[in-house]
>>> print(open('target39.json').read())   # JSON, C-alpha atoms and all ligand atoms
[["chain", "number", "residue", "atom", "x", "y", "z"],
["A", 23, "MET", "CA", 0.00, 0.00, 0.00],
["A", 24, "GLY", "CA", 1.54, 3.28, -1.06],
["A", 25, "THR", "CA", 1.30, 6.85, 0.14],
["A", 26, "HIS", "CA", -2.22, 8.19, -0.35],
["A", 27, "THR", "CA", -1.54, 11.85, -0.97],
["A", 28, "VAL", "CA", 1.04, 14.21, -2.43],
["A", 29, "HIS", "CA", 1.31, 17.90, -1.58],
["A", 30, "PHE", "CA", 1.00, 20.15, -4.62],
["A", 31, "ARG", "CA", -1.08, 22.97, -6.06],
["A", 32, "CYS", "CA", -0.79, 24.32, -9.58],
["A", 33, "HIS", "CA", -0.41, 28.11, -9.45],
["A", 34, "HIS", "CA", -0.94, 28.39, -13.21],
["A", 35, "CYS", "CA", 2.45, 29.90, -13.98],
["A", 36, "GLY", "CA", 2.01, 28.58, -17.54],
["A", 37, "HIS", "CA", 5.46, 26.99, -17.81],
["A", 38, "CYS", "CA", 4.23, 23.50, -18.74],
["A", 39, "CYS", "CA", 1.95, 24.85, -21.49],
["A", 40, "THR", "CA", 4.45, 27.32, -22.94],
["A", 41, "ASP", "CA", 7.96, 25.90, -22.50],
["A", 42, "VAL", "CA", 7.43, 22.14, -22.56],
["A", 43, "VAL", "CA", 6.79, 20.07, -25.68],
["A", 44, "CYS", "CA", 3.80, 17.77, -25.12],
["A", 45, "LEU", "CA", 3.96, 14.33, -26.74],
["A", 46, "PRO", "CA", 0.45, 12.85, -26.90],
["A", 47, "THR", "CA", -0.31, 9.18, -27.49],
["A", 48, "PRO", "CA", -2.69, 8.15, -30.30],
["A", 49, "TRP", "CA", -5.34, 7.64, -27.58],
["A", 50, "ASP", "CA", -4.89, 11.25, -26.45],
["A", 51, "VAL", "CA", -5.28, 12.36, -30.07],
["A", 52, "ILE", "CA", -8.45, 10.29, -30.51],
["A", 53, "ARG", "CA", -9.92, 11.72, -27.29],
["A", 54, "ILE", "CA", -9.13, 15.30, -28.34],
["A", 55, "VAL", "CA", -10.64, 14.77, -31.81],
["A", 56, "LYS", "CA", -13.78, 13.16, -30.37],
["A", 57, "GLN", "CA", -14.33, 15.76, -27.67],
["A", 58, "THR", "CA", -13.32, 18.93, -29.57],
["A", 59, "GLY", "CA", -14.06, 17.95, -33.17],
["A", 60, "GLN", "CA", -10.75, 19.50, -34.22],
["A", 61, "ASN", "CA", -8.75, 18.31, -37.21],
["A", 62, "PRO", "CA", -5.74, 16.37, -35.83],
["A", 63, "TYR", "CA", -3.51, 17.78, -38.57],
["A", 64, "ALA", "CA", -4.20, 21.26, -37.20],
["A", 65, "PHE", "CA", -3.13, 20.52, -33.63],
["A", 66, "LEU", "CA", -0.36, 17.99, -34.29],
["A", 67, "ALA", "CA", 3.22, 18.62, -35.35],
["A", 68, "PHE", "CA", 5.90, 16.13, -36.29],
["A", 69, "LEU", "CA", 9.25, 17.11, -34.81],
["A", 70, "THR", "CA", 12.70, 16.00, -35.93],
["A", 71, "PRO", "CA", 15.51, 15.10, -33.48],
["A", 72, "GLU", "CA", 16.84, 18.65, -34.05],
["A", 73, "ASP", "CA", 13.50, 20.16, -32.96],
["A", 74, "VAL", "CA", 13.17, 18.38, -29.64],
["A", 75, "THR", "CA", 15.44, 17.68, -26.67],
["A", 76, "GLY", "CA", 14.96, 15.11, -23.94],
["A", 77, "VAL", "CA", 13.59, 12.31, -26.14],
["A", 78, "ASN", "CA", 15.94, 9.37, -26.23],
["A", 79, "LYS", "CA", 17.18, 8.28, -29.67],
["A", 80, "SER", "CA", 15.98, 4.77, -28.85],
["A", 81, "ASP", "CA", 12.48, 5.89, -27.91],
["A", 82, "PRO", "CA", 10.09, 3.45, -29.66],
["A", 83, "THR", "CA", 7.76, 6.21, -30.88],
["A", 84, "TRP", "CA", 10.09, 7.73, -33.46],
["A", 85, "LEU", "CA", 8.44, 7.51, -36.88],
["A", 86, "ASP", "CA", 10.70, 6.48, -39.77],
["A", 87, "CYS", "CA", 9.87, 8.15, -43.08],
["A", 88, "GLN", "CA", 12.16, 8.03, -46.08],
["A", 89, "GLY", "CA", 15.35, 8.10, -44.02],
["A", 90, "LYS", "CA", 14.16, 10.79, -41.58],
["A", 91, "ARG", "CA", 12.79, 10.47, -38.06],
["A", 92, "TYR", "CA", 9.84, 12.32, -36.54],
["A", 93, "ILE", "CA", 8.01, 12.30, -33.25],
["A", 94, "MET", "CA", 4.36, 13.24, -32.80],
["A", 95, "ALA", "CA", 3.78, 16.33, -30.64],
["A", 96, "LEU", "CA", 1.15, 18.95, -29.95],
["A", 97, "ARG", "CA", 1.72, 21.90, -32.26],
["A", 98, "ARG", "CA", 3.24, 24.94, -30.61],
["A", 99, "GLY", "CA", 3.51, 28.59, -31.51],
["A", 100, "LYS", "CA", 5.47, 31.50, -30.06],
["A", 101, "LYS", "CA", 3.01, 31.72, -27.18],
["A", 102, "GLY", "CA", 2.97, 28.03, -26.36],
["A", 103, "CYS", "CA", 0.74, 25.04, -26.93],
["A", 104, "TYR", "CA", -1.83, 25.10, -29.73],
["A", 105, "PHE", "CA", -4.58, 24.65, -27.13],
["A", 106, "LEU", "CA", -3.47, 27.45, -24.81],
["A", 107, "HIS", "CA", -5.90, 30.36, -25.05],
["A", 108, "PRO", "CA", -3.83, 33.44, -26.02],
["A", 109, "LYS", "CA", -5.63, 35.77, -23.63],
["A", 110, "THR", "CA", -6.97, 33.73, -20.71],
["A", 111, "ARG", "CA", -3.96, 31.33, -20.79],
["A", 112, "PHE", "CA", -6.30, 28.45, -19.97],
["A", 113, "CYS", "CA", -6.24, 25.13, -21.82],
["A", 114, "THR", "CA", -9.03, 25.14, -24.40],
["A", 115, "ALA", "CA", -8.97, 21.33, -24.51],
["A", 116, "TYR", "CA", -8.82, 20.89, -20.73],
["A", 117, "GLU", "CA", -11.35, 18.05, -20.44],
["A", 118, "ALA", "CA", -9.66, 16.17, -23.31],
["A", 119, "ARG", "CA", -6.03, 17.10, -22.59],
["A", 120, "PRO", "CA", -3.32, 14.42, -22.89],
["A", 121, "ILE", "CA", -2.56, 12.19, -19.92],
["A", 122, "LEU", "CA", 0.95, 13.66, -19.86],
["A", 123, "CYS", "CA", -0.56, 17.06, -19.07],
["A", 124, "ARG", "CA", -2.63, 15.51, -16.27],
["A", 125, "LEU", "CA", 0.42, 13.80, -14.74],
["A", 126, "TYR", "CA", 2.68, 16.84, -14.85],
["A", 127, "PRO", "CA", 4.70, 17.40, -12.60],
["A", 128, "PHE", "CA", 4.12, 14.15, -10.68],
["A", 129, "LYS", "CA", 6.80, 11.49, -10.54],
["A", 130, "LEU", "CA", 5.96, 7.87, -9.74],
["A", 131, "HIS", "CA", 7.92, 5.77, -7.25],
["A", 132, "GLU", "CA", 7.50, 2.01, -7.20],
["A", 133, "THR", "CA", 8.88, -0.81, -5.07],
["A", 134, "ARG", "CA", 11.45, -3.20, -6.54],
["A", 135, "ALA", "CA", 8.60, -5.57, -7.24],
["A", 136, "GLY", "CA", 6.87, -2.90, -9.28],
["A", 137, "ALA", "CA", 4.14, -2.07, -6.74],
["A", 138, "PHE", "CA", 2.98, 1.48, -6.20],
["A", 139, "LYS", "CA", 4.92, 3.36, -3.52],
["A", 140, "ALA", "CA", 4.32, 7.09, -3.83],
["A", 141, "PHE", "CA", 4.30, 10.16, -6.02],
["A", 142, "SER", "CA", 6.72, 13.03, -5.61],
["A", 143, "LEU", "CA", 7.21, 16.13, -7.77],
["A", 144, "HIS", "CA", 9.75, 16.07, -10.60],
["A", 145, "THR", "CA", 12.68, 18.36, -9.85],
["A", 146, "ASP", "CA", 13.85, 18.65, -13.45],
["A", 147, "VAL", "CA", 10.77, 19.78, -15.35],
["A", 148, "GLY", "CA", 10.75, 23.47, -14.40],
["A", 149, "CYS", "CA", 7.53, 23.49, -12.36],
["A", 150, "PRO", "CA", 7.82, 25.75, -9.27],
["A", 151, "ARG", "CA", 6.37, 22.86, -7.22],
["A", 152, "HIS", "CA", 4.11, 24.74, -4.82],
["A", 153, "ARG", "CA", 3.20, 22.54, -1.86],
["A", 154, "ASP", "CA", 0.05, 24.25, -0.60],
["A", 155, "GLY", "CA", -2.40, 21.72, -2.02],
["A", 156, "LEU", "CA", -3.18, 18.03, -1.73],
["A", 157, "TYR", "CA", -3.71, 15.39, -4.42],
["A", 158, "GLU", "CA", -5.04, 11.86, -3.95],
["A", 159, "THR", "CA", -2.49, 9.43, -5.40],
["A", 160, "GLY", "CA", -5.05, 6.73, -6.33],
["A", 161, "PRO", "CA", -6.43, 8.60, -9.38],
["A", 162, "LEU", "CA", -2.90, 9.66, -10.35],
["A", 163, "TYR", "CA", -1.73, 6.07, -10.30],
["A", 164, "ALA", "CA", -4.73, 5.00, -12.39],
["A", 165, "LEU", "CA", -3.74, 7.65, -14.95],
["A", 166, "TYR", "CA", -0.14, 6.49, -14.87],
["A", 167, "THR", "CA", -1.04, 2.85, -15.50],
["A", 168, "ALA", "CA", -3.43, 3.85, -18.31],
["A", 169, "ASP", "CA", -0.69, 5.92, -19.91],
["A", 170, "SER", "CA", 1.82, 3.05, -19.58],
["A", 171, "ALA", "CA", -0.56, 0.71, -21.40],
["A", 172, "HIS", "CA", -1.14, 3.36, -24.08],
["A", 173, "GLN", "CA", 2.61, 3.82, -24.51],
["A", 174, "GLU", "CA", 3.07, 0.08, -25.10],
["A", 175, "ASP", "CA", 0.30, 0.07, -27.71],
["A", 176, "TYR", "CA", 1.75, 3.26, -29.23],
["A", 177, "ALA", "CA", 5.14, 1.57, -29.66],
["A", 178, "ARG", "CA", 3.50, -1.42, -31.37],
["A", 179, "LEU", "CA", 1.59, 0.85, -33.73],
["A", 180, "VAL", "CA", 4.77, 2.75, -34.62],
["A", 181, "GLU", "CA", 6.53, -0.56, -35.26],
["A", 182, "VAL", "CA", 3.86, -1.45, -37.83],
["A", 183, "PHE", "CA", 4.04, 2.03, -39.40],
["A", 184, "ASN", "CA", 7.83, 1.93, -39.60],
["A", 185, "ARG", "CA", 7.70, -1.37, -41.48],
["A", 186, "ARG", "CA", 5.34, 0.06, -44.09],
["A", 187, "ARG", "CA", 6.80, 1.00, -47.44],
["A", 188, "TYR", "CA", 4.88, 3.24, -49.79],
["A", 189, "PRO", "CA", 5.65, 6.26, -51.99],
["A", 190, "ASP", "CA", 5.87, 9.72, -50.40],
["A", 191, "LYS", "CA", 5.67, 8.30, -46.89],
["A", 192, "ARG", "CA", 5.16, 11.18, -44.47],
["A", 193, "PRO", "CA", 4.64, 11.24, -40.67],
["A", 194, "GLU", "CA", 1.11, 12.55, -41.24],
["A", 195, "HIS", "CA", 0.29, 9.11, -42.68],
["A", 196, "PHE", "CA", 0.74, 7.70, -39.17],
["A", 197, "VAL", "CA", -2.35, 9.60, -38.03],
["A", 198, "GLU", "CA", -4.40, 7.81, -40.69],
["A", 199, "MET", "CA", -3.76, 4.57, -38.80],
["A", 200, "PHE", "CA", -5.98, 5.65, -35.92],
["A", 201, "VAL", "CA", -8.05, 8.69, -36.98],
["A", 202, "THR", "CA", -10.21, 8.78, -40.09],
["A", 203, "GLY", "CA", -12.41, 11.37, -41.70],
["A", 204, "PHE", "CA", -9.98, 14.30, -41.64],
["A", 205, "SER", "CA", -7.76, 15.73, -44.34],
["A", 206, "ASP", "CA", -4.10, 16.46, -43.85],
["A", 207, "SER", "CA", -4.20, 19.03, -46.63],
["A", 208, "MET", "CA", -5.68, 21.84, -44.54],
["A", 209, "THR", "CA", -3.32, 24.61, -43.54],
["A", 210, "PRO", "CA", -2.38, 24.29, -39.88],
["A", 211, "ALA", "CA", -3.77, 27.08, -37.74],
["A", 212, "LYS", "CA", -1.26, 29.70, -36.67],
["A", 213, "SER", "CA", -0.79, 30.12, -32.92],
["B", 301, "LIG", "S1", 4.54, 24.44, -14.34],
["B", 301, "LIG", "FE1", 3.54, 23.65, -12.47],
["B", 301, "LIG", "S2", 2.60, 25.47, -11.45],
["B", 301, "LIG", "FE2", 3.14, 26.04, -13.57],
["B", 301, "LIG", "S3", 1.23, 25.70, -14.73],
["B", 301, "LIG", "FE3", 2.46, 23.81, -14.91],
["B", 301, "LIG", "S4", 1.79, 22.45, -13.22],
["B", 301, "LIG", "FE4", 1.04, 24.55, -12.78],
["B", 302, "LIG", "S1", -3.05, 20.42, -24.04],
["B", 302, "LIG", "FE1", -3.68, 22.00, -22.56],
["B", 302, "LIG", "S2", -2.72, 21.35, -20.63],
["B", 302, "LIG", "FE2", -1.64, 20.27, -22.28],
["B", 302, "LIG", "S3", 0.14, 21.59, -22.82],
["B", 302, "LIG", "FE3", -1.59, 22.15, -24.17],
["B", 302, "LIG", "S4", -2.61, 23.88, -23.16],
["B", 302, "LIG", "FE4", -1.33, 22.85, -21.63]]
>>> encode(input="target39.json", output="structure tokens")
Amino acid sequence: MGTHTVHFRCHHCGHCCTDVVCLPTPWDVIRIVKQTGQNPYAFLAFLTPEDVTGVNKSDPTWLDCQGKRYIMALRRGKKGCYFLHPKTRFCTAYEARPILCRLYPFKLHETRAGAFKAFSLHTDVGCPRHRDGLYETGPLYALYTADSAHQEDYARLVEVFNRRRYPDKRPEHFVEMFVTGFSDSMTPAKS
């Protein structure tokens, strides 16, 4: 039985929505499309290793396309995430936001046997880590385990995509494997 609570309150400094690249899973993308109706090609970007830091070269979600590598991310502009409202600075996709956003800045600790132990706050993600609030760890752990399962499925889907050979293969084609009914020809919205 792990620790039931972790002290934290978000003070809405905006750091995680402006300075951090968010990498959604396909399941996050599906949820956002279903709940907001937005075209995934408008809110997604495909970043090269030069565009993004902190993602291991061996990460299983790199997409291979004609000799280049890309990773799926939420599109960002000068003022931050695509979904960040420019004036209110609130997330316009809050109810559908990726699990990564929901878990930030919590860090999981497990026992050697892999059982839940506790959550702490990441020290290396730039969050000011205010301690004047309280979170239940049960729902956080449920989110974490859901995200872990999604990451495993994500890696398997990328493996299939990376094996595919067809002309003009682009990272946008990956989206067609799990979202249908949208066109990738629309001009992405400017942030
Ligand atoms: S960096 Fe931390 S305090 Fe700032 S908005 Fe994100 S979670 Fe909240
Ligand atoms: S989806 Fe919402 S919570 Fe996540 S980074 Fe973008 S604005 Fe922030």
>>> residues_around(input="target39.json", residues="His26 (chain A)", least_positions_apart="3", cutoff="7 Å", atoms="all atoms listed in the file", output="ChimeraX atom specification")
/A:158-160
>>> write_last_selection(input="target39.json", atoms="C-alpha atoms", output="CSV table (one decimal), in the frame of the given file")
chain,number,residue,atom,x,y,z
A,158,GLU,CA,-5.0,11.9,-4.0
A,159,THR,CA,-2.5,9.4,-5.4
A,160,GLY,CA,-5.0,6.7,-6.3
>>> atom_distance(input="target39.json", atom1="CA of Tyr163 (chain A)", atom2="CA of Cys123 (chain A)")
14.1 Å
>>> closest_residue(input="target39.json", among="A:Ala177, A:Leu125, A:Ala118, A:Cys38", to="Gly148 (chain A)", atoms="all atoms listed in the file")
A:Cys38
>>> residues_near_ligand(input="target39.json", ligand="ligand LIG 302 (chain B)", cutoff="7 Å", atoms="all atoms listed in the file", output="JSON, numbers by chain")
{"A": [38, 39, 44, 103, 104, 105, 106, 112, 113, 114, 115, 116, 119, 120, 123]}
>>> atom_distance(input="target39.json", atom1="CA of Arg153 (chain A)", atom2="atom FE4 of ligand LIG 301 (chain B)")
11.3 Å
>>> residues_near_ligand(input="target39.json", ligand="ligand LIG 301 (chain B)", cutoff="8 Å", atoms="only C-alpha atoms and all ligand atoms", output="ChimeraX atom specification")
/A:31-39,126-127,147-152
>>> closest_residue(input="target39.json", among="A:Ala140, A:Leu130, A:Ala135, A:Leu69", to="Ser170 (chain A)", atoms="all atoms listed in the file")
A:Leu130
>>> atom_distance(input="target39.json", atom1="CA of Gln60 (chain A)", atom2="CA of Val43 (chain A)")
19.5 Å
>>> build_atoms(input="target39.json", residues="region 30-54 of chain A", atoms="N, CA and C atoms", output="compact mmCIF listing (two decimals), in the frame of the given file")
# COMPACT_ATOMS: atom_id res chain seq x y z
N PHE A 30 0.73 19.33 -3.44
CA PHE A 30 1.00 20.15 -4.62
C PHE A 30 -0.24 20.98 -4.95
N ARG A 31 0.00 22.19 -5.44
CA ARG A 31 -1.08 22.97 -6.06
C ARG A 31 -0.50 23.69 -7.26
N CYS A 32 -1.21 23.59 -8.38
CA CYS A 32 -0.79 24.32 -9.58
C CYS A 32 -1.14 25.78 -9.40
N HIS A 33 -0.16 26.66 -9.56
CA HIS A 33 -0.41 28.11 -9.45
C HIS A 33 -0.53 28.75 -10.83
N HIS A 34 -0.68 27.92 -11.85
CA HIS A 34 -0.94 28.39 -13.21
C HIS A 34 0.11 29.39 -13.70
N CYS A 35 1.36 29.03 -13.48
CA CYS A 35 2.45 29.90 -13.98
C CYS A 35 2.55 29.81 -15.51
N GLY A 36 2.03 28.73 -16.08
CA GLY A 36 2.01 28.58 -17.54
C GLY A 36 3.23 27.88 -18.12
N HIS A 37 4.22 27.60 -17.30
CA HIS A 37 5.46 26.99 -17.81
C HIS A 37 5.20 25.72 -18.61
N CYS A 38 4.39 24.80 -18.06
CA CYS A 38 4.23 23.50 -18.74
C CYS A 38 3.46 23.60 -20.04
N CYS A 39 2.71 24.69 -20.23
CA CYS A 39 1.95 24.85 -21.49
C CYS A 39 2.67 25.76 -22.48
N THR A 40 3.74 26.41 -22.03
CA THR A 40 4.45 27.32 -22.94
C THR A 40 5.87 26.84 -23.27
N ASP A 41 6.54 26.23 -22.30
CA ASP A 41 7.96 25.90 -22.50
C ASP A 41 8.22 24.41 -22.71
N VAL A 42 7.21 23.59 -22.50
CA VAL A 42 7.43 22.14 -22.56
C VAL A 42 6.71 21.57 -23.78
N VAL A 43 7.40 20.73 -24.53
CA VAL A 43 6.79 20.07 -25.68
C VAL A 43 5.95 18.90 -25.17
N CYS A 44 4.69 18.86 -25.57
CA CYS A 44 3.80 17.77 -25.12
C CYS A 44 3.72 16.70 -26.20
N LEU A 45 4.00 15.46 -25.81
CA LEU A 45 3.96 14.33 -26.74
C LEU A 45 2.74 13.47 -26.42
N PRO A 46 1.66 13.64 -27.17
CA PRO A 46 0.45 12.85 -26.90
C PRO A 46 0.57 11.44 -27.45
N THR A 47 -0.20 10.52 -26.90
CA THR A 47 -0.31 9.18 -27.49
C THR A 47 -1.44 9.23 -28.52
N PRO A 48 -1.55 8.21 -29.39
CA PRO A 48 -2.69 8.15 -30.30
C PRO A 48 -4.03 8.22 -29.55
N TRP A 49 -4.09 7.65 -28.34
CA TRP A 49 -5.34 7.64 -27.58
C TRP A 49 -5.67 9.06 -27.10
N ASP A 50 -4.64 9.84 -26.79
CA ASP A 50 -4.89 11.25 -26.45
C ASP A 50 -5.44 11.98 -27.67
N VAL A 51 -4.85 11.69 -28.84
CA VAL A 51 -5.28 12.36 -30.07
C VAL A 51 -6.74 12.01 -30.37
N ILE A 52 -7.07 10.73 -30.24
CA ILE A 52 -8.45 10.29 -30.51
C ILE A 52 -9.41 11.02 -29.56
N ARG A 53 -9.05 11.07 -28.27
CA ARG A 53 -9.92 11.72 -27.29
C ARG A 53 -10.12 13.20 -27.63
N ILE A 54 -9.03 13.87 -28.02
CA ILE A 54 -9.13 15.30 -28.34
C ILE A 54 -10.02 15.50 -29.58
